[in-house]
Amino acid sequence: MSSASHLARLNEPQRRAASFGEPLPRGGVRCGPLLIVAGAGTGKTNTLAHRVAHLLLHGVDPARILMLTFTRRAAAEMRRRATDIVRTASGGSAGEHLGWSGTFHSIGNRLLRQYASALRLDPQFTVLDRGDAADLLDALRQELGLAQKEQRFPRKDTCLQIYSHRVNTQRPLRATLEEQFPWCLRWEEELTRLYRAYVERKQAGSLLDYDDLLLYWHVMMSDARLAALVGGQFDHVLVDEYQDTNTLQAEILHALKPDGAGVAVVGDDAQAIYSFRAASVENILAFPERFTPRADVITLEQNYRSTQPILDLANAVMAEAPRQFRKDLKAARSGGVRAELLTVADLREQAESVCEQVLRRREANVPLKRQGVLFRSSSHSDVLEIELGRRGIPFVKYGGLRFLEAAHVKDLLALLRWADNPRNALAGFRTLQLLPGMGPSNARRALDHLERAAGGFGALREFTPPPAAVEYWDGLLAALLELADPHRPWAGQVQRARLWYQPHLERLYEQVHTRSADLEQLEILSVNYPSRERFLSELALDPPAAASDLAGPPALDEDYLVLSTVHSAKGMEWDAVYLLNVVDGSFPSEFAAGSQALLEEERRLFYVALTRARTDLLLYAPLKFYVTAQHRHGDAHVYGGRSRFLSPGVMAHLSCSASPAATLPAGCGAAGLEPVLDAGARLRGMW
């Protein structure tokens, strides 16, 4: 097998990206910074995996390759593919030793524990998930008297969003409030006080939230000596989905490798759609100029997903974007039909039409699972969901609840987190209140007793619980002492916690069998982690998503339709895609109208929606939107205008049709009449 056989299946631009750099005589690859601009469906994951395999096959130590992704699953998939390529090319298994691959947050978690002493940080810190962080902020809102304000103070989730956005953009709080949360601007002083207390409480309890992992990593990289130590651990740094990075992540990457040596990032500026999470499209647009000499840029344009008519439409949409890496997607597949724009009377007719189209394609052997209904906002599918239920069409909706948000799962994890870090008062507060009679005041008394004693969980033997909790007290202490024993192996700890929790689960909740099955799944999941710390940290950083926010009867069917917001659909594909509400105010969102930057992100979101389709693409434009809060027989409505993204240049790539109810009756209108007055001139003359 030739030395380049592992690249044989790649197209020419993919091959240049995968083999970029100069192989060294004694092993290794020397290269400067590289940006791979990978258009939708152009095989970026495959290209990046081949690049990793290429490095391994040329003698790069797998322990000196850092791969940064945005989900744990993406990292695992990258490792698997690279390992398979290496094994096929050489029979080796170097890819199995790619230990430094994961999300920015999980890698930050590992590095912070490694360098904790240099940061005056407790290496046994606990990572708070989003729910726990919001709960801690809520507790502080109460303590500081902010929840009792005469005027409405932001709720805990909004407070956490403001904090996270300010941290990740590295912009002042006032700028964050003015641009993203203007209705909260009056609370700038109070929010500053809240966030100061939040930071102090976390540090006192050795707690780090999701954003702290990047913040502390960023602070660590501001020290030249520490930055050199961390950057020196790696010869090559590869980043997937670079368009989704925020300011902190981009600055961390630059501090790791200031000269760009060995840095390769992959992304598509046309799919930068997460500014609400503080991601900045500027990171990828400005990447080449961040280095001297300028980074190399390789563009992937061969699309392996969609037909050319669909790509022509997507290309036309992005051609009108003012600033971008220009690309012209070309289909690897032949044939195809134009996407269709269907004008319908209202949301009810839109729902009926979608159902008819879905069933027609199902009879033509396109399974429901291979069909996707996409929408800008979750509420846009409300009428459709009712119609699907009426017709008995099972469906799953993405963008719903997360598995770890379930109360019983949070209960079990709280026990494990408290055992892992006795100073984690948040976890202790939740665990103690699982006992009968143990309300907030008694739980606080127990935590204060534990803090004063400073002697570990054994000190709780001297605490007198309320009468209702007495019979459960010894069982809780036994579980805590066993789980906190540093000599106890990780294997079996989740089972021990689950057995302690079972009677409380049965006492507190309904649907016990279903909830018990969730906890058994959590136990099965735990065997994939080497330690309790890794298990708890990774779950907080990259939680598994529930199959659906409507899981239940629909999921029991042999097949089901997929409903998804466009944000949740990124990275997915279907044979047939139906895009709802392609009208101004819905697509683009009405909330983007005042900002050119937000409108351009809406354009990119539209592009993402179009490029999810493999073969069939149907866009819906309802004419009437009924006014809410009127009599059930009322007919008050407003008319929706066609999306501004459907310009004449874009419309040239669409087939257009209208339902009978969405057309004017015969005889109406003024077709064929000669002009009798210049209405425009009359109006201009008024001024």
# chains A, B, ... in the order shown; residues from 1 in each chain; ligands from 1
>>> residues_around(residues="range 167-176 of chain A", least_positions_apart="6", cutoff="7 Å", atoms="only C-alpha atoms", output="PyMOL selection string")
chain A and resi 188+246-248+278
>>> closest_residue(among="A:Arg323, A:Arg155, A:Gly455, A:Ile273", to="His567 in chain A", atoms="only C-alpha atoms")
A:Ile273
>>> residues_around(residues="Ala609 in chain A", least_positions_apart="2", cutoff="8 Å", atoms="only C-alpha atoms", output="list in words")
Leu374, Val566, Ala569, Lys570, Leu579, Leu605, Phe606, Tyr607, Thr611, Arg612 and Ala613 of chain A
>>> select_by_dssp(residues="range 259-453 of chain A", states="helix (DSSP H, G or I)", output="PyMOL selection string")
chain A and resi 269-271+275-277+282-285+288-290+308-319+347-363+368-370+378-391+403-405+407-420+425-432+440-453
>>> residues_around(residues="Val219 in chain A", least_positions_apart="2", cutoff="12 Å", atoms="only C-alpha atoms", output="PyMOL selection string")
chain A and resi 108+112+115+118-119+170+212-217+221-224+226-227+248-249+251-252+255
>>> write_last_selection(atoms="C-alpha atoms", output="mmCIF file, in the first residue's frame")
data_model
loop_
_atom_site.group_PDB
_atom_site.id
_atom_site.type_symbol
_atom_site.label_atom_id
_atom_site.label_comp_id
_atom_site.auth_asym_id
_atom_site.auth_seq_id
_atom_site.Cartn_x
_atom_site.Cartn_y
_atom_site.Cartn_z
ATOM 1 C CA GLY A 108 -10.246 23.088 29.842
ATOM 2 C CA LEU A 112 -7.191 23.256 34.965
ATOM 3 C CA TYR A 115 -2.234 23.114 36.518
ATOM 4 C CA ALA A 118 -0.257 27.238 39.674
ATOM 5 C CA LEU A 119 -3.694 28.914 39.712
ATOM 6 C CA GLN A 170 -15.292 39.666 27.129
ATOM 7 C CA ASP A 212 -15.477 29.347 34.378
ATOM 8 C CA LEU A 213 -13.727 26.498 32.570
ATOM 9 C CA LEU A 214 -12.985 28.854 29.689
ATOM 10 C CA LEU A 215 -12.412 31.873 31.937
ATOM 11 C CA TYR A 216 -9.812 30.153 34.117
ATOM 12 C CA TRP A 217 -8.166 28.622 31.035
ATOM 13 C CA MET A 221 -2.969 31.516 29.077
ATOM 14 C CA SER A 222 -2.404 35.183 29.932
ATOM 15 C CA ASP A 223 0.731 34.144 31.845
ATOM 16 C CA ALA A 224 3.577 33.686 29.347
ATOM 17 C CA LEU A 226 2.028 28.866 31.763
ATOM 18 C CA ALA A 227 0.966 29.510 28.152
ATOM 19 C CA LEU A 248 -12.600 33.466 24.780
ATOM 20 C CA GLN A 249 -12.096 30.318 22.706
ATOM 21 C CA GLU A 251 -8.053 33.954 22.223
ATOM 22 C CA ILE A 252 -7.215 30.691 24.006
ATOM 23 C CA ALA A 255 -2.346 31.908 23.067
#
>>> select_by_dssp(residues="range 412-594 of chain A", states="strand (DSSP E)", output="list in words")
Leu561, Val562, Leu563, Ser564, Thr565, Trp574, Asp575, Ala576, Val577, Tyr578 and Leu579 of chain A
>>> residues_around(residues="range 641-646 of chain A", least_positions_apart="6", cutoff="7 Å", atoms="only C-alpha atoms", output="MDAnalysis selection string")
chainID A and resid 317 582:584 587:588 603 621
>>> closest_residue(among="A:Leu610, A:Leu599, A:Leu300, A:Leu541", to="Arg110 in chain A", atoms="only C-alpha atoms")
A:Leu541
>>> closest_residue(among="A:Leu208, A:Ala270, A:Leu476, A:Ala319", to="Ala40 in chain A", atoms="only C-alpha atoms")
A:Ala270
